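Chemist: So that you have it, the file is protein_39.cif, and it contains mmCIF, C-alpha atoms and all ligand atoms:
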data_protein
loop_
_atom_site.group_PDB
_atom_site.id
_atom_site.type_symbol
_atom_site.label_atom_id
_atom_site.label_comp_id
_atom_site.auth_asym_id
_atom_site.auth_seq_id
_atom_site.Cartn_x
_atom_site.Cartn_y
_atom_site.Cartn_z
ATOM 1 C CA MET A 1 116.624 -165.925 -5.256
ATOM 2 C CA LYS A 2 115.134 -165.860 -1.755
ATOM 3 C CA SER A 3 116.549 -165.942 1.793
ATOM 4 C CA TYR A 4 116.895 -169.499 3.038
ATOM 5 C CA LEU A 5 118.902 -171.769 5.331
ATOM 6 C CA ALA A 6 121.722 -173.966 4.051
ATOM 7 C CA ALA A 7 123.507 -176.790 5.861
ATOM 8 C CA ALA A 8 126.988 -178.199 5.313
ATOM 9 C CA VAL A 9 127.167 -181.732 6.699
ATOM 10 C CA GLN A 10 130.204 -182.936 8.629
ATOM 11 C CA MET A 11 130.694 -186.677 9.055
ATOM 12 C CA THR A 12 133.244 -189.418 9.633
ATOM 13 C CA SER A 13 132.869 -191.773 6.694
ATOM 14 C CA LEU A 14 134.265 -195.309 6.857
ATOM 15 C CA PRO A 15 134.999 -198.053 4.334
ATOM 16 C CA ASP A 16 131.329 -199.130 4.746
ATOM 17 C CA LEU A 17 128.677 -197.891 2.311
ATOM 18 C CA THR A 18 125.658 -198.943 4.402
ATOM 19 C CA LYS A 19 126.926 -197.329 7.603
ATOM 20 C CA ASN A 20 127.873 -194.137 5.795
ATOM 21 C CA LEU A 21 124.480 -193.741 4.150
ATOM 22 C CA ALA A 22 122.810 -194.281 7.541
ATOM 23 C CA GLN A 23 125.027 -191.575 9.097
ATOM 24 C CA ALA A 24 124.360 -189.228 6.182
ATOM 25 C CA GLU A 25 120.606 -189.795 6.476
ATOM 26 C CA GLU A 26 120.616 -188.884 10.174
ATOM 27 C CA LEU A 27 122.520 -185.674 9.502
ATOM 28 C CA ILE A 28 120.327 -184.704 6.551
ATOM 29 C CA GLU A 29 117.268 -185.225 8.742
ATOM 30 C CA LEU A 30 118.828 -183.036 11.438
ATOM 31 C CA GLY A 31 119.469 -180.338 8.834
ATOM 32 C CA VAL A 32 115.887 -180.538 7.605
ATOM 33 C CA ARG A 33 114.578 -180.221 11.169
ATOM 34 C CA ARG A 34 116.683 -177.071 11.538
ATOM 35 C CA GLY A 35 115.028 -175.701 8.410
ATOM 36 C CA ALA A 36 117.720 -176.169 5.748
ATOM 37 C CA GLU A 37 116.512 -176.195 2.139
ATOM 38 C CA LEU A 38 119.937 -176.684 0.588
ATOM 39 C CA ILE A 39 122.148 -179.380 2.128
ATOM 40 C CA GLY A 40 125.625 -180.543 1.119
ATOM 41 C CA LEU A 41 127.379 -183.815 1.949
ATOM 42 C CA PRO A 42 131.214 -183.979 1.948
ATOM 43 C CA GLU A 43 133.592 -185.643 -0.463
ATOM 44 C CA ASN A 44 133.682 -189.425 0.057
ATOM 45 C CA PHE A 45 130.502 -189.311 2.156
ATOM 46 C CA SER A 46 129.313 -192.719 0.990
ATOM 47 C CA PHE A 47 132.695 -194.457 0.999
ATOM 48 C CA LEU A 48 136.039 -193.480 2.466
ATOM 49 C CA GLY A 49 138.544 -196.294 2.412
ATOM 50 C CA ASP A 50 141.312 -198.093 0.647
ATOM 51 C CA ASP A 51 141.685 -197.222 -3.055
ATOM 52 C CA THR A 52 141.591 -200.825 -4.283
ATOM 53 C CA VAL A 53 138.397 -201.532 -2.327
ATOM 54 C CA LYS A 54 136.876 -198.282 -3.603
ATOM 55 C CA VAL A 55 137.502 -199.261 -7.235
ATOM 56 C CA ALA A 56 136.325 -202.846 -6.715
ATOM 57 C CA GLN A 57 133.036 -201.618 -5.225
ATOM 58 C CA ALA A 58 132.613 -198.542 -7.441
ATOM 59 C CA THR A 59 129.614 -199.827 -9.420
ATOM 60 C CA GLU A 60 127.713 -200.620 -6.229
ATOM 61 C CA ILE A 61 128.796 -197.397 -4.497
ATOM 62 C CA ALA A 62 127.774 -195.236 -7.475
ATOM 63 C CA SER A 63 124.359 -196.784 -7.942
ATOM 64 C CA GLN A 64 123.428 -196.863 -4.238
ATOM 65 C CA THR A 65 124.782 -193.351 -3.697
ATOM 66 C CA GLU A 66 122.770 -191.836 -6.537
ATOM 67 C CA GLN A 67 119.590 -193.638 -5.464
ATOM 68 C CA PHE A 68 120.164 -192.395 -1.924
ATOM 69 C CA LEU A 69 120.608 -188.769 -2.999
ATOM 70 C CA ARG A 70 117.430 -188.834 -5.098
ATOM 71 C CA ARG A 71 115.457 -190.528 -2.300
ATOM 72 C CA MET A 72 116.622 -188.070 0.396
ATOM 73 C CA ALA A 73 115.999 -184.989 -1.755
ATOM 74 C CA GLN A 74 112.516 -186.205 -2.589
ATOM 75 C CA ARG A 75 111.564 -187.362 0.899
ATOM 76 C CA PHE A 76 112.645 -184.088 2.519
ATOM 77 C CA GLN A 77 111.855 -181.794 -0.432
ATOM 78 C CA ILE A 78 115.351 -180.303 -0.427
ATOM 79 C CA THR A 79 118.129 -179.596 -2.888
ATOM 80 C CA LEU A 80 120.993 -181.930 -2.000
ATOM 81 C CA LEU A 81 124.643 -182.151 -3.019
ATOM 82 C CA GLY A 82 126.521 -185.431 -2.870
ATOM 83 C CA GLY A 83 130.030 -184.063 -2.542
ATOM 84 C CA GLY A 84 132.080 -186.788 -4.146
ATOM 85 C CA TYR A 85 131.793 -190.498 -4.836
ATOM 86 C CA PRO A 86 133.352 -192.890 -7.354
ATOM 87 C CA VAL A 87 131.630 -193.493 -10.685
ATOM 88 C CA PRO A 88 133.177 -196.220 -12.856
ATOM 89 C CA THR A 89 134.562 -195.417 -16.299
ATOM 90 C CA ALA A 90 135.614 -197.659 -19.181
ATOM 91 C CA THR A 91 139.286 -197.188 -18.222
ATOM 92 C CA GLY A 92 139.092 -199.099 -14.950
ATOM 93 C CA LYS A 93 139.512 -195.828 -13.051
ATOM 94 C CA VAL A 94 136.609 -193.868 -11.579
ATOM 95 C CA TYR A 95 135.464 -190.282 -11.799
ATOM 96 C CA ASN A 96 135.346 -188.517 -8.440
ATOM 97 C CA THR A 97 131.824 -187.203 -9.007
ATOM 98 C CA ALA A 98 129.702 -184.568 -7.294
ATOM 99 C CA LEU A 99 125.961 -184.597 -7.952
ATOM 100 C CA LEU A 100 123.323 -181.972 -7.187
ATOM 101 C CA VAL A 101 119.731 -183.228 -7.042
ATOM 102 C CA GLY A 102 116.474 -181.296 -6.667
ATOM 103 C CA PRO A 103 113.345 -181.846 -4.536
ATOM 104 C CA ASN A 104 111.793 -184.080 -7.199
ATOM 105 C CA GLY A 105 114.840 -186.315 -7.105
ATOM 106 C CA GLN A 106 115.911 -184.929 -10.461
ATOM 107 C CA GLU A 107 119.562 -184.466 -11.410
ATOM 108 C CA LEU A 108 120.384 -180.738 -11.566
ATOM 109 C CA ALA A 109 124.154 -180.735 -12.090
ATOM 110 C CA ARG A 110 127.045 -183.194 -12.194
ATOM 111 C CA TYR A 111 130.769 -182.575 -11.937
ATOM 112 C CA GLN A 112 133.816 -184.794 -12.338
ATOM 113 C CA LYS A 113 136.709 -183.582 -10.155
ATOM 114 C CA VAL A 114 139.390 -182.003 -12.317
ATOM 115 C CA HIS A 115 142.306 -181.481 -9.919
ATOM 116 C CA LEU A 116 143.556 -184.711 -8.395
ATOM 117 C CA PHE A 117 145.372 -184.847 -5.061
ATOM 118 C CA ASP A 118 148.752 -186.427 -5.795
ATOM 119 C CA VAL A 119 150.770 -185.163 -2.869
ATOM 120 C CA ASP A 120 153.328 -186.590 -0.418
ATOM 121 C CA LEU A 121 152.832 -184.891 2.918
ATOM 122 C CA PRO A 122 155.598 -184.261 5.446
ATOM 123 C CA ASP A 123 153.615 -186.296 8.009
ATOM 124 C CA GLY A 124 154.367 -189.451 5.991
ATOM 125 C CA ASN A 125 150.951 -189.780 4.344
ATOM 126 C CA ILE A 126 151.121 -190.300 0.584
ATOM 127 C CA TYR A 127 148.141 -189.443 -1.607
ATOM 128 C CA HIS A 128 147.979 -190.622 -5.178
ATOM 129 C CA GLU A 129 144.417 -189.896 -6.256
ATOM 130 C CA SER A 130 145.262 -190.245 -9.955
ATOM 131 C CA GLY A 131 146.168 -193.888 -9.327
ATOM 132 C CA THR A 132 142.460 -194.744 -9.213
ATOM 133 C CA VAL A 133 140.696 -191.590 -10.384
ATOM 134 C CA LEU A 134 140.395 -190.244 -13.900
ATOM 135 C CA ALA A 135 140.523 -186.449 -13.966
ATOM 136 C CA GLY A 136 137.476 -184.662 -15.319
ATOM 137 C CA SER A 137 138.266 -182.349 -18.210
ATOM 138 C CA THR A 138 135.512 -179.757 -18.115
ATOM 139 C CA LEU A 139 134.737 -176.862 -15.812
ATOM 140 C CA PRO A 140 132.138 -177.567 -13.159
ATOM 141 C CA PRO A 141 128.552 -176.520 -13.889
ATOM 142 C CA VAL A 142 126.572 -173.689 -12.341
ATOM 143 C CA TYR A 143 122.968 -174.595 -11.586
ATOM 144 C CA ALA A 144 120.735 -171.519 -11.765
ATOM 145 C CA SER A 145 118.108 -172.213 -9.130
ATOM 146 C CA PRO A 146 115.018 -169.990 -9.284
ATOM 147 C CA THR A 147 115.008 -169.780 -5.464
ATOM 148 C CA LEU A 148 118.432 -170.751 -4.041
ATOM 149 C CA GLY A 149 120.820 -168.718 -6.208
ATOM 150 C CA ASN A 150 123.304 -169.777 -8.846
ATOM 151 C CA ILE A 151 125.051 -172.772 -7.375
ATOM 152 C CA GLY A 152 128.580 -173.611 -8.553
ATOM 153 C CA LEU A 153 130.181 -176.982 -7.881
ATOM 154 C CA SER A 154 133.739 -178.020 -7.024
ATOM 155 C CA VAL A 155 135.425 -180.713 -4.922
ATOM 156 C CA CYS A 156 138.060 -180.523 -2.175
ATOM 157 C CA TYR A 157 141.560 -180.021 -3.671
ATOM 158 C CA ASP A 158 139.948 -177.771 -6.336
ATOM 159 C CA VAL A 159 139.845 -175.089 -3.610
ATOM 160 C CA ARG A 160 143.557 -174.444 -4.241
ATOM 161 C CA PHE A 161 142.841 -173.369 -7.841
ATOM 162 C CA PRO A 162 141.185 -169.935 -7.726
ATOM 163 C CA GLU A 163 140.748 -169.785 -11.505
ATOM 164 C CA LEU A 164 138.117 -172.527 -11.273
ATOM 165 C CA TYR A 165 135.972 -170.387 -8.953
ATOM 166 C CA ARG A 166 136.496 -167.287 -11.072
ATOM 167 C CA ALA A 167 135.200 -169.302 -14.015
ATOM 168 C CA LEU A 168 132.142 -170.318 -11.956
ATOM 169 C CA VAL A 169 131.516 -166.684 -11.025
ATOM 170 C CA LYS A 170 131.904 -165.598 -14.647
ATOM 171 C CA ALA A 171 129.171 -168.152 -15.363
ATOM 172 C CA GLY A 172 126.975 -166.407 -12.783
ATOM 173 C CA ALA A 173 127.643 -168.355 -9.580
ATOM 174 C CA ASN A 174 126.968 -166.691 -6.226
ATOM 175 C CA VAL A 175 126.873 -169.806 -4.026
ATOM 176 C CA LEU A 176 129.998 -171.983 -4.253
ATOM 177 C CA PHE A 177 130.089 -175.574 -2.962
ATOM 178 C CA VAL A 178 133.430 -176.938 -1.724
ATOM 179 C CA PRO A 179 132.717 -180.424 -0.338
ATOM 180 C CA ALA A 180 135.929 -181.857 1.096
ATOM 181 C CA ALA A 181 137.884 -184.564 2.844
ATOM 182 C CA PHE A 182 140.777 -182.289 3.734
ATOM 183 C CA THR A 183 143.714 -183.926 5.457
ATOM 184 C CA ALA A 184 144.250 -183.079 9.118
ATOM 185 C CA PHE A 185 147.801 -182.007 8.276
ATOM 186 C CA THR A 186 146.983 -179.476 5.531
ATOM 187 C CA GLY A 187 143.631 -178.537 6.982
ATOM 188 C CA LYS A 188 144.970 -176.991 10.161
ATOM 189 C CA ASP A 189 146.916 -174.378 8.183
ATOM 190 C CA HIS A 190 145.079 -174.031 4.858
ATOM 191 C CA TRP A 191 141.399 -175.021 4.995
ATOM 192 C CA GLN A 192 139.749 -172.001 6.556
ATOM 193 C CA VAL A 193 141.973 -169.423 4.865
ATOM 194 C CA LEU A 194 141.396 -170.958 1.415
ATOM 195 C CA LEU A 195 137.622 -170.959 1.925
ATOM 196 C CA GLN A 196 137.639 -167.351 3.109
ATOM 197 C CA ALA A 197 139.825 -166.336 0.169
ATOM 198 C CA ARG A 198 137.458 -167.959 -2.356
ATOM 199 C CA ALA A 199 134.489 -166.209 -0.682
ATOM 200 C CA ILE A 200 136.173 -162.801 -0.479
ATOM 201 C CA GLU A 201 137.719 -162.660 -3.950
ATOM 202 C CA ASN A 202 134.486 -163.833 -5.575
ATOM 203 C CA THR A 203 132.110 -162.018 -3.215
ATOM 204 C CA ALA A 204 130.130 -165.253 -3.017
ATOM 205 C CA TYR A 205 128.779 -167.596 -0.350
ATOM 206 C CA VAL A 206 130.968 -170.655 0.229
ATOM 207 C CA LEU A 207 129.339 -173.853 1.504
ATOM 208 C CA ALA A 208 131.946 -176.361 2.629
ATOM 209 C CA PRO A 209 130.782 -179.778 3.898
ATOM 210 C CA ALA A 210 133.643 -181.768 5.415
ATOM 211 C CA GLN A 211 134.944 -185.086 6.624
ATOM 212 C CA THR A 212 136.268 -185.205 10.181
ATOM 213 C CA GLY A 213 138.173 -187.552 12.461
ATOM 214 C CA GLN A 214 139.725 -190.984 12.063
ATOM 215 C CA HIS A 215 138.517 -193.014 9.059
ATOM 216 C CA TYR A 216 140.767 -196.024 8.527
ATOM 217 C CA ALA A 217 144.448 -196.785 8.928
ATOM 218 C CA ARG A 218 146.230 -193.424 9.278
ATOM 219 C CA ARG A 219 143.608 -191.459 7.357
ATOM 220 C CA GLN A 220 142.579 -188.477 9.455
ATOM 221 C CA THR A 221 140.637 -185.425 8.282
ATOM 222 C CA HIS A 222 140.362 -181.886 9.542
ATOM 223 C CA GLY A 223 136.624 -181.248 9.980
ATOM 224 C CA HIS A 224 135.382 -177.658 10.312
ATOM 225 C CA ALA A 225 132.608 -177.868 7.779
ATOM 226 C CA MET A 226 131.641 -174.259 7.366
ATOM 227 C CA ILE A 227 129.570 -171.610 5.677
ATOM 228 C CA VAL A 228 131.333 -168.370 4.748
ATOM 229 C CA ASP A 229 129.511 -165.242 3.627
ATOM 230 C CA PRO A 230 130.538 -163.041 0.644
ATOM 231 C CA TRP A 231 132.492 -160.720 2.963
ATOM 232 C CA GLY A 232 134.555 -163.685 4.218
ATOM 233 C CA THR A 233 132.841 -163.894 7.594
ATOM 234 C CA ILE A 234 132.436 -167.409 8.934
ATOM 235 C CA LEU A 235 128.727 -167.799 9.617
ATOM 236 C CA ALA A 236 128.907 -171.363 10.947
ATOM 237 C CA ASP A 237 131.657 -173.867 11.780
ATOM 238 C CA ALA A 238 130.894 -177.485 12.699
ATOM 239 C CA GLY A 239 134.026 -177.943 14.817
ATOM 240 C CA ASP A 240 135.645 -181.369 14.784
ATOM 241 C CA ARG A 241 132.740 -183.723 15.584
ATOM 242 C CA PRO A 242 130.094 -185.036 13.179
ATOM 243 C CA GLY A 243 127.281 -182.519 12.820
ATOM 244 C CA LEU A 244 126.263 -179.547 10.736
ATOM 245 C CA ALA A 245 127.146 -175.979 9.884
ATOM 246 C CA VAL A 246 123.859 -174.137 9.306
ATOM 247 C CA ALA A 247 123.495 -170.524 8.187
ATOM 248 C CA ALA A 248 121.195 -168.171 6.315
ATOM 249 C CA ILE A 249 121.918 -167.384 2.681
ATOM 250 C CA GLU A 250 120.691 -163.826 2.105
ATOM 251 C CA PRO A 251 120.397 -162.282 -1.367
ATOM 252 C CA LEU A 252 120.379 -158.801 0.210
ATOM 253 C CA ARG A 253 123.710 -159.449 1.930
ATOM 254 C CA LEU A 254 125.141 -160.696 -1.350
ATOM 255 C CA GLU A 255 123.999 -157.543 -3.148
ATOM 256 C CA GLN A 256 125.283 -155.322 -0.343
ATOM 257 C CA VAL A 257 128.775 -156.880 -0.352
ATOM 258 C CA ARG A 258 128.950 -156.816 -4.149
ATOM 259 C CA GLN A 259 128.172 -153.080 -4.017
ATOM 260 C CA GLN A 260 130.483 -152.279 -1.107
ATOM 261 C CA MET A 261 133.405 -154.227 -2.535
ATOM 262 C CA PRO A 262 132.934 -154.119 -6.328
ATOM 263 C CA CYS A 263 136.059 -156.141 -7.174
ATOM 264 C CA LEU A 264 134.175 -158.299 -9.695
ATOM 265 C CA GLN A 265 133.392 -155.109 -11.640
ATOM 266 C CA HIS A 266 137.024 -154.012 -11.468
ATOM 267 C CA ARG A 267 138.424 -157.123 -13.115
ATOM 268 C CA VAL A 268 140.980 -156.371 -15.821
ATOM 269 C CA PHE A 269 141.878 -159.921 -16.876
HETATM 270 O O1 LIG B 301 142.005 -190.155 0.337
HETATM 271 C C1 LIG B 301 140.912 -190.692 0.271
HETATM 272 O O2 LIG B 301 140.634 -191.708 0.935
HETATM 273 C C2 LIG B 301 139.859 -190.121 -0.609
HETATM 274 N N1 LIG B 301 140.265 -188.978 -1.358
HETATM 275 C C3 LIG B 301 140.205 -187.721 -0.898
HETATM 276 O O3 LIG B 301 139.807 -187.556 0.192
HETATM 277 C C4 LIG B 301 140.641 -186.559 -1.741
HETATM 278 C C5 LIG B 301 141.547 -187.035 -2.813
HETATM 279 S S1 LIG B 301 142.927 -187.974 -2.176
HETATM 280 N N2 LIG B 301 141.288 -185.623 -0.869
HETATM 281 C C6 LIG B 301 141.675 -184.394 -1.212
HETATM 282 O O4 LIG B 301 141.465 -183.910 -2.325
HETATM 283 C C7 LIG B 301 142.363 -183.641 -0.078
HETATM 284 C C8 LIG B 301 142.897 -182.296 -0.457
HETATM 285 C C9 LIG B 301 143.674 -181.716 0.675
HETATM 286 O O5 LIG B 301 143.653 -182.190 1.787
HETATM 287 C C10 LIG B 301 144.490 -180.501 0.451
HETATM 288 O O6 LIG B 301 144.374 -179.863 -0.618
HETATM 289 O O7 LIG B 301 145.265 -180.159 1.348
#
Translate the structure described by the file into structure tokens.
Ligand SMILES: O=C(O)CNC(=O)[C@H](CS)NC(=O)CCC(=O)C(=O)O
Modeler:
Amino acid sequence: MKSYLAAAVQMTSLPDLTKNLAQAEELIELGVRRGAELIGLPENFSFLGDDTVKVAQATEIASQTEQFLRRMAQRFQITLLGGGYPVPTATGKVYNTALLVGPNGQELARYQKVHLFDVDLPDGNIYHESGTVLAGSTLPPVYASPTLGNIGLSVCYDVRFPELYRALVKAGANVLFVPAAFTAFTGKDHWQVLLQARAIENTAYVLAPAQTGQHYARRQTHGHAMIVDPWGTILADAGDRPGLAVAAIEPLRLEQVRQQMPCLQHRVF
């Protein structure tokens, strides 16, 4: 593992695949110009819209999204995470899928979101992700990069389930991706503290690309894409407008924190 720059993209995705991929491309290019070698796109980056439309267009969204990720990674010679997009299954529902691709456009790791967001919020918004999404049934993968660290995947609502991240760390992870489309309502109270908790308890970097702003109807997300270091310090925060959180990932800092705060060594369970 070497020192390098990572970028967590923040965008406002719409129910429009073509527009979203254009917005994502601009932000990836910005990240590359700032020197990022590892870039993450948020959950729903290629489509954020009505559930019925999402399912109807899933085949098209999945194929264009995967082509896009491979093309971007190759063109810019980066490692790129697509943080969550629908992939059709035989059941009529989709998997909410995250895909990590390498600089040759090759697939490095794939994850199907396990925890589905079925929650009625006090602000009147009702989320029923399991209505259109089939839950994945296996732990996310850890991709052991020779240069960028051991990269563990997750998606959005997963961040509320610390055992998933502990499993990733047991599998060697030291860089944890949490691409999200966090609601504005929950985000204001929970987003940052959950990300810091996952970083601190696992003494790992947390890279959290995010959706922000007004998407469609009453769907509003929190923003604050961020990068948190293994001590829990926020290295970069993208605020509430589309943009990037960029920060250095330092193997020496990781080692230092893991020595200073050896909680992973003190595990009993
Ligand atoms: O709704 C859509 O259009 C697309 N789906 C999502 O954005 C997903 C599933 S509904 N959102 C979350 O997991 C939010 C979690 C969250 O906000 C929390 O844990 O508080």
Chemist: On this structure, which residues satisfy the PyMOL selection byres (((chain A and resi 201-209) around 6) and not hetatm), written as number ranges by chain?
Modeler: A: 8-10, 40-42, 174-179, 197-200, 210, 225-230
Chemist: Residues as selected, C-alpha atoms, written as a short mmCIF file (atom, residue, chain, number, x, y, z; two decimals), keeping the file's coordinate frame, can you do that?
Modeler:
data_model
loop_
_atom_site.label_atom_id
_atom_site.label_comp_id
_atom_site.auth_asym_id
_atom_site.auth_seq_id
_atom_site.Cartn_x
_atom_site.Cartn_y
_atom_site.Cartn_z
CA ALA A 8 126.99 -178.20 5.31
CA VAL A 9 127.17 -181.73 6.70
CA GLN A 10 130.20 -182.94 8.63
CA GLY A 40 125.62 -180.54 1.12
CA LEU A 41 127.38 -183.82 1.95
CA PRO A 42 131.21 -183.98 1.95
CA ASN A 174 126.97 -166.69 -6.23
CA VAL A 175 126.87 -169.81 -4.03
CA LEU A 176 130.00 -171.98 -4.25
CA PHE A 177 130.09 -175.57 -2.96
CA VAL A 178 133.43 -176.94 -1.72
CA PRO A 179 132.72 -180.42 -0.34
CA ALA A 197 139.82 -166.34 0.17
CA ARG A 198 137.46 -167.96 -2.36
CA ALA A 199 134.49 -166.21 -0.68
CA ILE A 200 136.17 -162.80 -0.48
CA ALA A 210 133.64 -181.77 5.42
CA ALA A 225 132.61 -177.87 7.78
CA MET A 226 131.64 -174.26 7.37
CA ILE A 227 129.57 -171.61 5.68
CA VAL A 228 131.33 -168.37 4.75
CA ASP A 229 129.51 -165.24 3.63
CA PRO A 230 130.54 -163.04 0.64
#
Chemist: Could the centre and edge lengths of an axis-aligned box, enclosing all atoms of ligand LIG 301 (chain B) in the file with 3 Å extra on each side, be given in Å to one decimal as AutoDock Vina command-line options?
Modeler:
--center_x 142.5 --center_y -185.8 --center_z -0.5 --size_x 11.5 --size_y 17.8 --size_z 10.6
Chemist: Hey, which of A:Val169, A:Leu38, A:Leu30, A:Leu99 ends up closest to Ala7 in chain A? Count only C-alpha atoms.
Modeler: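 For Ala7 in chain A, the nearest of the candidates is A:Leu38.
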Chemist: For each of A:Arg71, A:Lys93, A:Arg110, A:Arg219, take the minimum atom-to-atom distance to ligand LIG 301 (chain B), counting only C-alpha atoms and all ligand atoms, then give the residue where this is smallest.
Modeler: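 Closest candidate: A:Arg219.
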Chemist: Please evaluate the PyMOL selection byres (((chain A and resi 163) around 12) and not hetatm) against the structure above and give the resulting residues as a list of chain:residue names.
Modeler: A:His115, A:Leu139, A:Pro140, A:Ser154, A:Asp158, A:Val159, A:Arg160, A:Phe161, A:Pro162, A:Leu164, A:Tyr165, A:Arg166, A:Ala167, A:Leu168, A:Val169, A:Lys170, A:Arg198, A:Glu201, A:Asn202, A:Phe269
Chemist: Restrict the calculation to only C-alpha atoms and all ligand atoms, then for each residue of chain A with any atom at most 9 Å from an atom of ligand LIG 301 (chain B) give the closest atom pair and their distance in Å to one decimal, rows by chain and rising residue number, as JSON lines.
Modeler:
{"residue": "A:Glu43", "atom": "CA", "partner": "B:LIG301", "partner_atom": "O3", "distance": 6.5}
{"residue": "A:Asn44", "atom": "CA", "partner": "B:LIG301", "partner_atom": "C2", "distance": 6.3}
{"residue": "A:Phe47", "atom": "CA", "partner": "B:LIG301", "partner_atom": "O2", "distance": 8.4}
{"residue": "A:Leu48", "atom": "CA", "partner": "B:LIG301", "partner_atom": "O2", "distance": 5.2}
{"residue": "A:Gly49", "atom": "CA", "partner": "B:LIG301", "partner_atom": "O2", "distance": 5.3}
{"residue": "A:Asp50", "atom": "CA", "partner": "B:LIG301", "partner_atom": "O2", "distance": 6.4}
{"residue": "A:Asp51", "atom": "CA", "partner": "B:LIG301", "partner_atom": "O2", "distance": 6.9}
{"residue": "A:Lys54", "atom": "CA", "partner": "B:LIG301", "partner_atom": "O2", "distance": 8.8}
{"residue": "A:Gly84", "atom": "CA", "partner": "B:LIG301", "partner_atom": "C3", "distance": 8.8}
{"residue": "A:Asn96", "atom": "CA", "partner": "B:LIG301", "partner_atom": "C5", "distance": 8.5}
{"residue": "A:His115", "atom": "CA", "partner": "B:LIG301", "partner_atom": "O4", "distance": 8.0}
{"residue": "A:Leu116", "atom": "CA", "partner": "B:LIG301", "partner_atom": "C5", "distance": 6.4}
{"residue": "A:Phe117", "atom": "CA", "partner": "B:LIG301", "partner_atom": "O4", "distance": 4.9}
{"residue": "A:Asp118", "atom": "CA", "partner": "B:LIG301", "partner_atom": "S1", "distance": 7.0}
{"residue": "A:Val119", "atom": "CA", "partner": "B:LIG301", "partner_atom": "S1", "distance": 8.4}
{"residue": "A:Ile126", "atom": "CA", "partner": "B:LIG301", "partner_atom": "S1", "distance": 9.0}
{"residue": "A:Tyr127", "atom": "CA", "partner": "B:LIG301", "partner_atom": "S1", "distance": 5.4}
{"residue": "A:His128", "atom": "CA", "partner": "B:LIG301", "partner_atom": "S1", "distance": 6.4}
{"residue": "A:Glu129", "atom": "CA", "partner": "B:LIG301", "partner_atom": "S1", "distance": 4.7}
{"residue": "A:Ser130", "atom": "CA", "partner": "B:LIG301", "partner_atom": "S1", "distance": 8.4}
{"residue": "A:Val133", "atom": "CA", "partner": "B:LIG301", "partner_atom": "C5", "distance": 8.9}
{"residue": "A:Val155", "atom": "CA", "partner": "B:LIG301", "partner_atom": "O4", "distance": 7.3}
{"residue": "A:Cys156", "atom": "CA", "partner": "B:LIG301", "partner_atom": "O4", "distance": 4.8}
{"residue": "A:Tyr157", "atom": "CA", "partner": "B:LIG301", "partner_atom": "O4", "distance": 4.1}
{"residue": "A:Asp158", "atom": "CA", "partner": "B:LIG301", "partner_atom": "O4", "distance": 7.5}
{"residue": "A:Val159", "atom": "CA", "partner": "B:LIG301", "partner_atom": "O6", "distance": 7.2}
{"residue": "A:Arg160", "atom": "CA", "partner": "B:LIG301", "partner_atom": "O6", "distance": 6.6}
{"residue": "A:Ala180", "atom": "CA", "partner": "B:LIG301", "partner_atom": "C6", "distance": 6.7}
{"residue": "A:Ala181", "atom": "CA", "partner": "B:LIG301", "partner_atom": "O3", "distance": 4.4}
{"residue": "A:Phe182", "atom": "CA", "partner": "B:LIG301", "partner_atom": "O5", "distance": 3.5}
{"residue": "A:Thr183", "atom": "CA", "partner": "B:LIG301", "partner_atom": "O5", "distance": 4.1}
{"residue": "A:Ala184", "atom": "CA", "partner": "B:LIG301", "partner_atom": "O5", "distance": 7.4}
{"residue": "A:Phe185", "atom": "CA", "partner": "B:LIG301", "partner_atom": "O7", "distance": 7.6}
{"residue": "A:Thr186", "atom": "CA", "partner": "B:LIG301", "partner_atom": "O7", "distance": 4.6}
{"residue": "A:Gly187", "atom": "CA", "partner": "B:LIG301", "partner_atom": "O7", "distance": 6.1}
{"residue": "A:His190", "atom": "CA", "partner": "B:LIG301", "partner_atom": "O7", "distance": 7.1}
{"residue": "A:Trp191", "atom": "CA", "partner": "B:LIG301", "partner_atom": "O7", "distance": 7.4}
{"residue": "A:Gln211", "atom": "CA", "partner": "B:LIG301", "partner_atom": "O3", "distance": 8.4}
{"residue": "A:His215", "atom": "CA", "partner": "B:LIG301", "partner_atom": "O2", "distance": 8.5}
{"residue": "A:Tyr216", "atom": "CA", "partner": "B:LIG301", "partner_atom": "O2", "distance": 8.7}
{"residue": "A:Arg219", "atom": "CA", "partner": "B:LIG301", "partner_atom": "O2", "distance": 7.1}
{"residue": "A:Thr221", "atom": "CA", "partner": "B:LIG301", "partner_atom": "O5", "distance": 7.9}
{"residue": "A:His222", "atom": "CA", "partner": "B:LIG301", "partner_atom": "O5", "distance": 8.4}
Chemist: Find the spatial neighbours of Ser63 in chain A, counting only C-alpha atoms, within a cut-off of 12 Å - ignore same-chain residues fewer than 3 positions away - and output them as a ChimeraX atom specification.
Modeler: /A:17,46,57-60,66-70,85-88
Chemist: Can you measure CA of Asn20 in chain A to CA of Gln214 in chain A for me? One decimal in Å is fine.
Modeler: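 Going from CA of Asn20 in chain A over to CA of Gln214 in chain A covers 13.8 Å.
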Chemist: Given the point (117.2, -183.8, -11.4) in the coordinates of this file, which residues lie within 12 Å, counting all atoms listed in the file, and how would they look as number ranges by chain?
Modeler: A: 66-67, 69-71, 73-74, 78-81, 99-110, 143, 145
Chemist: Can you work out which one of A:Pro15, A:Gly152, A:Gly239, A:Gly213 has the shortest atom-to-atom distance to Ala171 in chain A, counting only C-alpha atoms?
Modeler: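 Comparing A:Pro15, A:Gly152, A:Gly239, A:Gly213 against Ala171 in chain A, the winner is A:Gly152.
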Chemist: One decimal, in Å: what's the spacing between CA of Leu235 in chain A and CA of Arg33 in chain A?
Modeler: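 Rounded to one decimal, the two atoms are 18.9 Å apart.
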Chemist: What does the distance from CA of Thr52 in chain A to CA of Pro242 in chain A come to in Å, to one decimal?
Modeler: 26.2 Å
